[in-house]
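Participant: So here's start-v8.cif, just mmCIF, C-alpha atoms:
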```cif
data_work
loop_
_atom_site.group_PDB
_atom_site.id
_atom_site.type_symbol
_atom_site.label_atom_id
_atom_site.label_comp_id
_atom_site.auth_asym_id
_atom_site.auth_seq_id
_atom_site.Cartn_x
_atom_site.Cartn_y
_atom_site.Cartn_z
ATOM 1 C CA MET A 1 50.619 9.731 -5.222
ATOM 2 C CA ARG A 2 48.339 12.074 -3.312
ATOM 3 C CA THR A 3 45.524 9.596 -3.552
ATOM 4 C CA LEU A 4 47.437 6.937 -1.655
ATOM 5 C CA PRO A 5 47.006 8.338 1.874
ATOM 6 C CA ALA A 6 43.354 9.074 1.111
ATOM 7 C CA LEU A 7 42.834 5.567 -0.157
ATOM 8 C CA CYS A 8 44.466 4.139 2.982
ATOM 9 C CA LEU A 9 42.170 6.250 5.128
ATOM 10 C CA LEU A 10 39.171 5.039 3.174
ATOM 11 C CA LEU A 11 40.173 1.406 3.542
ATOM 12 C CA VAL A 12 40.791 1.830 7.263
ATOM 13 C CA GLY A 13 37.379 3.464 7.518
ATOM 14 C CA ILE A 14 35.642 0.672 5.653
ATOM 15 C CA ALA A 15 37.400 -2.013 7.706
ATOM 16 C CA ALA A 16 36.047 -0.608 10.953
ATOM 17 C CA GLN A 17 32.744 -1.995 12.174
ATOM 18 C CA ALA A 18 31.263 0.981 13.957
ATOM 19 C CA GLU A 19 32.222 4.557 13.235
ATOM 20 C CA THR A 20 31.059 8.000 14.108
ATOM 21 C CA PRO A 21 29.358 10.188 11.494
ATOM 22 C CA GLN A 22 32.262 12.629 11.852
ATOM 23 C CA ARG A 23 34.818 9.953 10.987
ATOM 24 C CA ILE A 24 32.782 8.746 8.030
ATOM 25 C CA GLY A 25 32.552 12.327 6.755
ATOM 26 C CA GLU A 26 36.305 12.807 7.236
ATOM 27 C CA THR A 27 37.062 9.664 5.276
ATOM 28 C CA TYR A 28 35.057 10.910 2.288
ATOM 29 C CA ALA A 29 36.579 14.393 2.659
ATOM 30 C CA ALA A 30 40.096 12.919 2.593
ATOM 31 C CA GLU A 31 39.243 10.964 -0.523
ATOM 32 C CA ALA A 32 37.830 14.114 -2.146
ATOM 33 C CA ALA A 33 40.908 16.142 -1.149
ATOM 34 C CA GLY A 34 43.032 13.550 -2.918
ATOM 35 C CA ARG A 35 41.249 14.412 -6.171
ATOM 36 C CA GLN A 36 40.825 18.111 -5.609
ATOM 37 C CA ALA A 37 43.461 19.937 -3.541
ATOM 38 C CA GLY A 38 42.091 22.062 -0.693
ATOM 39 C CA PHE A 39 38.668 20.404 -0.622
ATOM 40 C CA THR A 40 36.678 21.049 2.528
ATOM 41 C CA PRO A 41 33.192 19.610 3.070
ATOM 42 C CA SER A 42 30.227 21.975 3.005
ATOM 43 C CA ALA A 43 26.907 21.254 4.713
ATOM 44 C CA GLN A 44 25.354 23.922 2.516
ATOM 45 C CA ARG A 45 26.411 22.156 -0.693
ATOM 46 C CA GLY A 46 25.148 18.952 0.928
ATOM 47 C CA GLU A 47 21.740 20.534 1.427
ATOM 48 C CA THR A 48 21.653 21.726 -2.179
ATOM 49 C CA LEU A 49 22.416 18.199 -3.334
ATOM 50 C CA PHE A 50 19.721 16.808 -1.023
ATOM 51 C CA ARG A 51 17.116 19.142 -2.544
ATOM 52 C CA GLN A 52 18.246 19.040 -6.169
ATOM 53 C CA ARG A 53 15.822 17.539 -8.689
ATOM 54 C CA PHE A 54 17.604 15.357 -11.212
ATOM 55 C CA GLY A 55 14.752 14.241 -13.424
ATOM 56 C CA ASN A 56 16.245 10.845 -14.216
ATOM 57 C CA ASN A 57 13.569 8.917 -12.420
ATOM 58 C CA ASP A 58 9.925 10.020 -12.589
ATOM 59 C CA LYS A 59 9.039 8.488 -9.263
ATOM 60 C CA MET A 60 12.222 9.585 -7.495
ATOM 61 C CA PRO A 61 13.419 12.875 -8.974
ATOM 62 C CA ALA A 62 15.256 13.848 -5.762
ATOM 63 C CA CYS A 63 16.428 12.557 -2.384
ATOM 64 C CA THR A 64 13.411 14.341 -0.946
ATOM 65 C CA SER A 65 11.024 12.070 -2.889
ATOM 66 C CA CYS A 66 11.423 9.437 -0.182
ATOM 67 C CA HIS A 67 13.230 11.310 2.604
ATOM 68 C CA THR A 68 10.839 14.329 2.639
ATOM 69 C CA ASP A 69 11.919 17.992 2.594
ATOM 70 C CA SER A 70 13.298 17.664 6.115
ATOM 71 C CA PRO A 71 16.030 15.144 6.945
ATOM 72 C CA LEU A 72 14.784 15.399 10.537
ATOM 73 C CA SER A 73 11.474 13.806 9.575
ATOM 74 C CA ALA A 74 10.636 10.187 8.929
ATOM 75 C CA GLY A 75 10.170 9.414 5.251
ATOM 76 C CA GLN A 76 8.299 6.898 3.168
ATOM 77 C CA HIS A 77 9.521 4.871 0.195
ATOM 78 C CA VAL A 78 7.710 6.445 -2.725
ATOM 79 C CA VAL A 79 7.036 3.104 -4.453
ATOM 80 C CA THR A 80 6.604 0.541 -1.689
ATOM 81 C CA GLY A 81 5.288 2.859 1.030
ATOM 82 C CA LYS A 82 7.702 1.472 3.612
ATOM 83 C CA ALA A 83 8.528 3.846 6.458
ATOM 84 C CA ILE A 84 12.066 5.293 6.412
ATOM 85 C CA ARG A 85 13.671 6.594 9.601
ATOM 86 C CA PRO A 86 15.107 10.148 9.507
ATOM 87 C CA LEU A 87 18.445 10.715 7.753
ATOM 88 C CA ALA A 88 19.693 13.453 10.084
ATOM 89 C CA VAL A 89 22.006 12.317 12.849
ATOM 90 C CA ALA A 90 20.207 14.666 15.261
ATOM 91 C CA ALA A 91 16.972 12.736 14.720
ATOM 92 C CA ASN A 92 18.373 9.228 14.280
ATOM 93 C CA GLY A 93 21.583 8.334 16.123
ATOM 94 C CA GLN A 94 22.099 5.189 14.065
ATOM 95 C CA ARG A 95 22.710 7.085 10.835
ATOM 96 C CA PHE A 96 26.231 7.183 9.371
ATOM 97 C CA SER A 97 27.681 4.748 11.900
ATOM 98 C CA ASP A 98 28.463 1.815 9.605
ATOM 99 C CA PRO A 99 30.785 2.709 6.689
ATOM 100 C CA ALA A 100 29.793 -0.330 4.602
ATOM 101 C CA LYS A 101 26.121 0.503 4.982
ATOM 102 C CA VAL A 102 26.700 4.152 4.083
ATOM 103 C CA GLU A 103 28.646 3.111 0.961
ATOM 104 C CA LYS A 104 25.948 0.650 -0.032
ATOM 105 C CA TRP A 105 23.160 3.216 0.180
ATOM 106 C CA PHE A 106 25.100 5.958 -1.587
ATOM 107 C CA GLY A 107 25.744 3.336 -4.264
ATOM 108 C CA ARG A 108 22.115 2.349 -4.658
ATOM 109 C CA ASN A 109 20.433 5.692 -4.201
ATOM 110 C CA CYS A 110 22.806 7.861 -6.251
ATOM 111 C CA LYS A 111 22.329 5.496 -9.189
ATOM 112 C CA GLU A 112 18.594 5.425 -8.668
ATOM 113 C CA VAL A 113 18.066 9.192 -8.410
ATOM 114 C CA MET A 114 21.034 10.686 -10.315
ATOM 115 C CA ALA A 115 21.713 7.805 -12.718
ATOM 116 C CA ARG A 116 25.387 7.886 -11.756
ATOM 117 C CA ASP A 117 27.661 7.334 -8.756
ATOM 118 C CA CYS A 118 28.116 10.177 -6.290
ATOM 119 C CA THR A 119 31.632 11.612 -6.089
ATOM 120 C CA PRO A 120 33.578 11.482 -2.803
ATOM 121 C CA ALA A 121 33.108 15.281 -2.585
ATOM 122 C CA GLU A 122 29.326 14.945 -2.876
ATOM 123 C CA LYS A 123 29.314 12.228 -0.235
ATOM 124 C CA ALA A 124 31.441 14.350 2.121
ATOM 125 C CA ASP A 125 29.097 17.335 1.653
ATOM 126 C CA PHE A 126 26.007 15.189 2.125
ATOM 127 C CA VAL A 127 27.325 13.630 5.343
ATOM 128 C CA ALA A 128 28.309 17.107 6.599
ATOM 129 C CA TYR A 129 24.751 18.325 6.056
ATOM 130 C CA MET A 130 23.209 15.302 7.779
ATOM 131 C CA ASN A 131 25.614 15.792 10.672
ATOM 132 C CA GLU A 132 24.846 19.443 11.128
ATOM 133 C CA VAL A 133 21.169 19.857 10.320
ATOM 134 C CA ARG A 134 19.072 20.598 13.406
ATOM 135 C CA MET B 1 -18.885 -32.598 29.229
ATOM 136 C CA LYS B 2 -17.297 -29.267 29.753
ATOM 137 C CA ARG B 3 -14.295 -30.349 27.716
ATOM 138 C CA ILE B 4 -16.446 -31.332 24.763
ATOM 139 C CA ALA B 5 -18.133 -27.963 24.710
ATOM 140 C CA ILE B 6 -14.863 -26.065 24.870
ATOM 141 C CA THR B 7 -13.055 -27.985 22.131
ATOM 142 C CA PRO B 8 -15.118 -26.792 19.135
ATOM 143 C CA LEU B 9 -14.959 -23.281 20.490
ATOM 144 C CA LEU B 10 -11.184 -23.442 20.760
ATOM 145 C CA LEU B 11 -10.942 -24.918 17.286
ATOM 146 C CA ALA B 12 -13.194 -22.256 15.836
ATOM 147 C CA THR B 13 -11.027 -19.477 17.215
ATOM 148 C CA ALA B 14 -7.667 -21.152 16.676
ATOM 149 C CA LEU B 15 -8.068 -22.269 13.070
ATOM 150 C CA PRO B 16 -8.549 -18.912 11.335
ATOM 151 C CA ALA B 17 -5.739 -17.485 13.443
ATOM 152 C CA LEU B 18 -3.432 -20.299 12.354
ATOM 153 C CA ALA B 19 -4.310 -19.809 8.718
ATOM 154 C CA ASP B 20 -3.383 -16.133 8.878
ATOM 155 C CA ARG B 21 -0.069 -16.637 10.598
ATOM 156 C CA VAL B 22 2.947 -16.699 8.295
ATOM 157 C CA PRO B 23 5.985 -16.260 10.531
ATOM 158 C CA LEU B 24 9.449 -15.452 9.221
ATOM 159 C CA PRO B 25 11.613 -18.501 10.019
ATOM 160 C CA ALA B 26 13.798 -17.876 13.063
ATOM 161 C CA ASN B 27 16.928 -18.797 11.099
ATOM 162 C CA ALA B 28 16.481 -15.976 8.578
ATOM 163 C CA PRO B 29 19.979 -14.634 7.782
ATOM 164 C CA PRO B 30 20.552 -11.036 9.002
ATOM 165 C CA ALA B 31 21.392 -10.152 5.382
ATOM 166 C CA TYR B 32 17.774 -10.844 4.413
ATOM 167 C CA GLN B 33 16.454 -8.085 6.650
ATOM 168 C CA ALA B 34 19.319 -5.727 5.767
ATOM 169 C CA GLU B 35 19.243 -6.208 1.992
ATOM 170 C CA CYS B 36 15.603 -6.982 1.222
ATOM 171 C CA GLY B 37 13.841 -5.497 4.226
ATOM 172 C CA ALA B 38 15.160 -1.968 3.713
ATOM 173 C CA CYS B 39 12.950 -0.868 0.802
ATOM 174 C CA HIS B 40 10.010 -3.133 1.565
ATOM 175 C CA MET B 41 9.002 -5.507 4.324
ATOM 176 C CA ALA B 42 11.139 -8.640 4.567
ATOM 177 C CA PHE B 43 8.394 -10.778 3.043
ATOM 178 C CA GLN B 44 8.012 -14.246 4.528
ATOM 179 C CA PRO B 45 9.467 -16.881 2.171
ATOM 180 C CA ALA B 46 6.228 -18.882 2.349
ATOM 181 C CA LEU B 47 4.471 -16.150 0.339
ATOM 182 C CA LEU B 48 6.149 -17.249 -2.912
ATOM 183 C CA SER B 49 7.158 -20.610 -4.393
ATOM 184 C CA ALA B 50 10.790 -21.752 -4.608
ATOM 185 C CA ASN B 51 10.805 -21.375 -8.368
ATOM 186 C CA ASP B 52 9.469 -17.810 -8.153
ATOM 187 C CA TRP B 53 12.048 -16.865 -5.491
ATOM 188 C CA ARG B 54 14.768 -18.242 -7.764
ATOM 189 C CA ARG B 55 13.500 -16.085 -10.634
ATOM 190 C CA THR B 56 13.238 -13.060 -8.347
ATOM 191 C CA MET B 57 16.814 -13.454 -7.105
ATOM 192 C CA ALA B 58 18.069 -13.966 -10.669
ATOM 193 C CA GLY B 59 16.437 -10.697 -11.748
ATOM 194 C CA LEU B 60 17.562 -8.348 -8.973
ATOM 195 C CA LYS B 61 19.487 -6.180 -11.423
ATOM 196 C CA ASP B 62 16.097 -4.851 -12.554
ATOM 197 C CA HIS B 63 13.886 -5.463 -9.534
ATOM 198 C CA PHE B 64 10.646 -3.634 -10.392
ATOM 199 C CA GLY B 65 12.694 -0.826 -11.898
ATOM 200 C CA THR B 66 15.391 -0.739 -9.219
ATOM 201 C CA ASP B 67 18.875 -2.223 -9.185
ATOM 202 C CA ALA B 68 18.642 -4.296 -6.002
ATOM 203 C CA THR B 69 21.642 -6.516 -6.718
ATOM 204 C CA VAL B 70 23.008 -8.395 -3.718
ATOM 205 C CA ASP B 71 26.536 -9.542 -4.418
ATOM 206 C CA GLY B 72 28.513 -12.550 -3.308
ATOM 207 C CA PRO B 73 27.867 -14.747 -0.294
ATOM 208 C CA ALA B 74 24.967 -12.620 0.997
ATOM 209 C CA GLY B 75 23.048 -13.158 -2.253
ATOM 210 C CA GLN B 76 23.661 -16.914 -2.115
ATOM 211 C CA GLU B 77 22.642 -17.060 1.535
ATOM 212 C CA ILE B 78 19.408 -15.134 0.945
ATOM 213 C CA GLY B 79 18.528 -17.186 -2.142
ATOM 214 C CA SER B 80 18.935 -20.527 -0.425
ATOM 215 C CA PHE B 81 17.047 -19.307 2.658
ATOM 216 C CA LEU B 82 14.094 -18.229 0.488
ATOM 217 C CA GLU B 83 14.018 -21.435 -1.521
ATOM 218 C CA ARG B 84 14.362 -23.671 1.545
ATOM 219 C CA ASN B 85 11.413 -21.990 3.233
ATOM 220 C CA ALA B 86 9.317 -21.254 0.159
ATOM 221 C CA GLY B 87 5.576 -21.791 -0.027
ATOM 222 C CA ASN B 88 3.677 -24.568 -1.760
ATOM 223 C CA ALA B 89 3.541 -23.706 -5.469
ATOM 224 C CA GLY B 90 0.226 -25.549 -5.936
ATOM 225 C CA LYS B 91 -1.516 -23.606 -3.182
ATOM 226 C CA LEU B 92 -0.039 -20.223 -4.088
ATOM 227 C CA GLY B 93 -0.816 -20.383 -7.799
ATOM 228 C CA SER B 94 1.033 -18.542 -10.547
ATOM 229 C CA ALA B 95 2.771 -15.313 -9.495
ATOM 230 C CA GLY B 96 3.100 -13.899 -13.000
ATOM 231 C CA GLU B 97 6.160 -12.487 -14.760
ATOM 232 C CA PRO B 98 8.077 -11.009 -13.021
ATOM 233 C CA PRO B 99 6.785 -12.956 -10.002
ATOM 234 C CA ARG B 100 4.738 -10.831 -7.602
ATOM 235 C CA ILE B 101 3.413 -12.014 -4.244
ATOM 236 C CA SER B 102 0.391 -9.808 -4.889
ATOM 237 C CA GLN B 103 -0.451 -11.755 -8.068
ATOM 238 C CA THR B 104 -0.465 -15.208 -6.545
ATOM 239 C CA ALA B 105 -3.930 -16.758 -6.566
ATOM 240 C CA ARG B 106 -3.747 -17.013 -2.776
ATOM 241 C CA PHE B 107 -3.085 -13.287 -2.318
ATOM 242 C CA VAL B 108 -5.783 -12.339 -4.829
ATOM 243 C CA ARG B 109 -8.343 -14.604 -3.144
ATOM 244 C CA LYS B 110 -7.522 -13.255 0.317
ATOM 245 C CA HIS B 111 -7.881 -9.661 -0.869
ATOM 246 C CA ARG B 112 -10.787 -9.938 -3.302
ATOM 247 C CA GLU B 113 -13.113 -7.966 -1.019
ATOM 248 C CA ILE B 114 -10.824 -4.915 -0.855
ATOM 249 C CA PRO B 115 -12.287 -2.125 -3.008
ATOM 250 C CA ALA B 116 -9.884 -0.914 -5.709
ATOM 251 C CA LYS B 117 -9.638 2.613 -4.270
ATOM 252 C CA TYR B 118 -7.767 1.336 -1.232
ATOM 253 C CA TRP B 119 -4.790 0.172 -3.277
ATOM 254 C CA LYS B 120 -4.315 3.794 -4.374
ATOM 255 C CA ASP B 121 -4.870 5.242 -0.915
ATOM 256 C CA PRO B 122 -1.821 7.283 0.170
ATOM 257 C CA ARG B 123 -1.769 5.375 3.457
ATOM 258 C CA ILE B 124 -1.300 2.140 1.509
ATOM 259 C CA LYS B 125 0.439 3.204 -1.728
ATOM 260 C CA SER B 126 1.259 -0.296 -2.874
ATOM 261 C CA ALA B 127 0.212 -3.901 -2.448
ATOM 262 C CA ALA B 128 3.809 -4.472 -1.334
ATOM 263 C CA ASN B 129 3.141 -2.348 1.748
ATOM 264 C CA CYS B 130 1.661 -5.144 3.890
ATOM 265 C CA GLU B 131 2.176 -3.228 7.114
ATOM 266 C CA ALA B 132 -0.052 -0.358 5.996
ATOM 267 C CA CYS B 133 -3.041 -2.588 6.801
ATOM 268 C CA HIS B 134 -1.624 -5.626 8.612
ATOM 269 C CA ARG B 135 0.142 -3.983 11.522
ATOM 270 C CA GLY B 136 1.628 -7.316 12.610
ATOM 271 C CA ALA B 137 2.719 -8.370 9.110
ATOM 272 C CA ALA B 138 6.438 -8.258 9.882
ATOM 273 C CA ASP B 139 5.752 -10.724 12.707
ATOM 274 C CA GLY B 140 3.713 -12.902 10.386
ATOM 275 C CA ASN B 141 0.285 -11.819 11.650
ATOM 276 C CA TYR B 142 -2.099 -11.288 8.735
ATOM 277 C CA SER B 143 -5.313 -11.733 10.707
ATOM 278 C CA GLU B 144 -8.262 -9.888 9.176
ATOM 279 C CA HIS B 145 -9.319 -8.883 12.688
ATOM 280 C CA ASP B 146 -6.168 -6.878 13.174
ATOM 281 C CA ILE B 147 -6.329 -4.414 10.285
ATOM 282 C CA VAL B 148 -5.077 -0.869 10.859
ATOM 283 C CA ILE B 149 -7.594 0.757 8.516
ATOM 284 C CA ARG B 150 -10.789 0.737 10.496
ATOM 285 C CA GLU B 151 -13.247 0.459 7.627
ATOM 286 C CA LEU B 152 -11.484 -2.665 6.316
ATOM 287 C CA ARG B 153 -11.393 -4.470 9.655
ATOM 288 C CA ARG B 154 -13.648 -7.499 10.123
#
```
Give the structure from the file, written as structure tokens.
Facilitator:
Amino acid sequence: MRTLPALCLLLVGIAAQAETPQRIGETYAAEAAGRQAGFTPSAQRGETLFRQRFGNNDKMPACTSCHTDSPLSAGQHVVTGKAIRPLAVAANGQRFSDPAKVEKWFGRNCKEVMARDCTPAEKADFVAYMNEVR
Amino acid sequence: MKRIAITPLLLATALPALADRVPLPANAPPAYQAECGACHMAFQPALLSANDWRRTMAGLKDHFGTDATVDGPAGQEIGSFLERNAGNAGKLGSAGEPPRISQTARFVRKHREIPAKYWKDPRIKSAANCEACHRGAADGNYSEHDIVIRELRR
């Protein structure tokens, strides 16, 4: 039953067109708290996740393969060479403002790099890091 | 008299420019840019034949090693946009399997003077990275006079 309010929050979040990075982080945190009582997002865990090498994909072992070691810097797609704007909210105000887009890219990139979906807790931590990094 | 002298000059400058212009149709659905233009440039539909676009869209689950699936109405919309505006299969030539713009006879012919080392250059990385050399590629400008890499400019 605890998941119900979290699920409602998530759906409300996804239904909205434009959101703030804080709200998007809160939505994931609420979903994570529904699975794990007392969960609070951690930017530090988010950074660890960002830098972790997974070794599932030779070309893209980590987030940093395309997004560089600094989320404040512009990146480059490691295969196609296409420029990627910074992930950090401080460097790119458009990041984490569209819940559907955020979900889509977690979906694609977690599978690509980690060979599995990210958990709501990982997403909440990741968004917290991207929100806070300066 | 003056007019006669100007006309060939105009033609001589206009024709190559026209040949190297491949604009993205104005009615491109926003989903095309959002879904396809995120990992690589939103390639102009005229760069591949309708049949090759159909095969590309049917194989998005393993799109050059990446799951690039586009579900539902957006996928349909993108597919029909690409096929409607596709290039002439006869002029493009075979694109191989899986279809690659960079393997069409037209692409190969246009790039035959590029030394192999440039395709590996970190500034270029991949033949899919049109904008590394053609700064106006996203706007459909592939003129060989407007190449970013100085030593390849003509």
Participant: Please expand the PyMOL selection byres ((chain B) within 12 of (chain A)) into the concrete residues it hits in this file, giving the result as a VMD selection string.
Facilitator: chain B and resid 31 34 to 42 61 to 71 119 to 133 138
Participant: What is the distance, in Å and to one decimal place, between CA of Gly87 in chain B and CA of Arg153 in chain B?
Facilitator: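 Computing the Euclidean distance for CA of Gly87 in chain B and CA of Arg153 in chain B yields 26.1 Å.
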Participant: I'd like the residues picked by the PyMOL selection byres ((chain A and resi 50-53) around 12) written out as an MDAnalysis selection string, using the chain letters and numbers from the file.
Facilitator: chainID A and resid 43:49 54:71 87:88 109:110 113:114 118 122:123 125:130 133
Participant: Restricting the calculation to only C-alpha atoms: of B:Arg106, B:Lys117, B:Arg100, B:Lys91, which residue gets closest to Thr56 in chain B?
Facilitator: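 Between B:Arg106, B:Lys117, B:Arg100, B:Lys91, the residue approaching Thr56 in chain B most closely is B:Arg100.
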Participant: Which residues, protein or nucleic acid, reach to within 6 Å of (16.7, -18.4, -4.0) in the file's coordinates when using all atoms listed in the file, and can you give that as a list in words?
Facilitator: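 Residues with an atom at most 6 Å from (16.7, -18.4, -4.0): Trp53, Arg54, Met57, Gly79, Ser80, Leu82 and Glu83 of chain B.
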Participant: Quote the spacing between CA of Ala50 in chain B and CA of Gly75 in chain B in Å to one decimal place.
Facilitator: 15.2 Å
Participant: How far is it from CA of Arg135 in chain B to CA of Arg84 in chain B, in Å with one decimal?
Facilitator: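 Those two atoms sit 26.3 Å apart.
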Participant: Residues at most 10 Å from Ala28 in chain B, counting all atoms listed in the file, excluding those fewer than 5 positions away in the same chain, as a PyMOL selection string?
Facilitator: chain B and resi 33+42+44-45+77-78+81-82+85
Participant: The selected residues should be written to file as a JSON list (two decimals), keeping the file's coordinate frame (atoms: C-alpha atoms).
Facilitator:
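Final file, selection.json:
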```json
[["chain", "number", "residue", "atom", "x", "y", "z"],
["B", 33, "GLN", "CA", 16.45, -8.09, 6.65],
["B", 42, "ALA", "CA", 11.14, -8.64, 4.57],
["B", 44, "GLN", "CA", 8.01, -14.25, 4.53],
["B", 45, "PRO", "CA", 9.47, -16.88, 2.17],
["B", 77, "GLU", "CA", 22.64, -17.06, 1.54],
["B", 78, "ILE", "CA", 19.41, -15.13, 0.94],
["B", 81, "PHE", "CA", 17.05, -19.31, 2.66],
["B", 82, "LEU", "CA", 14.09, -18.23, 0.49],
["B", 85, "ASN", "CA", 11.41, -21.99, 3.23]]
```
Participant: Could you check which of B:Ala105, B:Tyr142, B:Lys110, B:Pro98 is closest to Gly59 in chain B, using only C-alpha atoms?
Facilitator: B:Pro98
Participant: Fewer than 4 positions away in the same chain doesn't count, so skip those; otherwise give me all residues within 8 Å of Ala91 in chain A, counting only C-alpha atoms, as a ChimeraX atom specification.
Facilitator: /A:72-73,86-87
Participant: Under the PyMOL selection byres ((chain A and resi 96) around 10), which residues of this model are included? Write them out as an mmCIF file with C-alpha atoms, in the coordinates of the input.
Facilitator:
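Output file expr39.cif follows:
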```
data_model
loop_
_atom_site.group_PDB
_atom_site.id
_atom_site.type_symbol
_atom_site.label_atom_id
_atom_site.label_comp_id
_atom_site.auth_asym_id
_atom_site.auth_seq_id
_atom_site.Cartn_x
_atom_site.Cartn_y
_atom_site.Cartn_z
ATOM 1 C CA ALA A 18 31.263 0.981 13.957
ATOM 2 C CA GLU A 19 32.222 4.557 13.235
ATOM 3 C CA THR A 20 31.059 8.000 14.108
ATOM 4 C CA PRO A 21 29.358 10.188 11.494
ATOM 5 C CA GLN A 22 32.262 12.629 11.852
ATOM 6 C CA ARG A 23 34.818 9.953 10.987
ATOM 7 C CA ILE A 24 32.782 8.746 8.030
ATOM 8 C CA GLY A 25 32.552 12.327 6.755
ATOM 9 C CA LEU A 87 18.445 10.715 7.753
ATOM 10 C CA ALA A 88 19.693 13.453 10.084
ATOM 11 C CA VAL A 89 22.006 12.317 12.849
ATOM 12 C CA ASN A 92 18.373 9.228 14.280
ATOM 13 C CA GLY A 93 21.583 8.334 16.123
ATOM 14 C CA GLN A 94 22.099 5.189 14.065
ATOM 15 C CA ARG A 95 22.710 7.085 10.835
ATOM 16 C CA SER A 97 27.681 4.748 11.900
ATOM 17 C CA ASP A 98 28.463 1.815 9.605
ATOM 18 C CA PRO A 99 30.785 2.709 6.689
ATOM 19 C CA ALA A 100 29.793 -0.330 4.602
ATOM 20 C CA LYS A 101 26.121 0.503 4.982
ATOM 21 C CA VAL A 102 26.700 4.152 4.083
ATOM 22 C CA GLU A 103 28.646 3.111 0.961
ATOM 23 C CA VAL A 127 27.325 13.630 5.343
ATOM 24 C CA MET A 130 23.209 15.302 7.779
ATOM 25 C CA ASN A 131 25.614 15.792 10.672
#
```
Participant: Please define a box with edges along x, y and z of the file around all atoms of range 84-97 of chain A given in the file, extend it by 5 Å on each side, and return its centre and edge lengths in Å to one decimal, as lines of an AutoDock Vina configuration file.
Facilitator:
```
center_x = 19.9
center_y = 9.7
center_z = 11.3
size_x = 25.6
size_y = 19.9
size_z = 19.7
```
Participant: Nearest to Pro99 in chain B among B:Ala58, B:Ile147, B:Val22, B:Leu152, with distances taken over all atoms listed in the file: which residue is it?
Facilitator: B:Ala58
Participant: Using all atoms listed in the file, find the one residue out of B:Glu113, B:Asp52, B:Asp139, B:Glu151 that sits nearest to Leu24 in chain B.
Facilitator: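 Under the stated criterion, the closest residue is B:Asp139.
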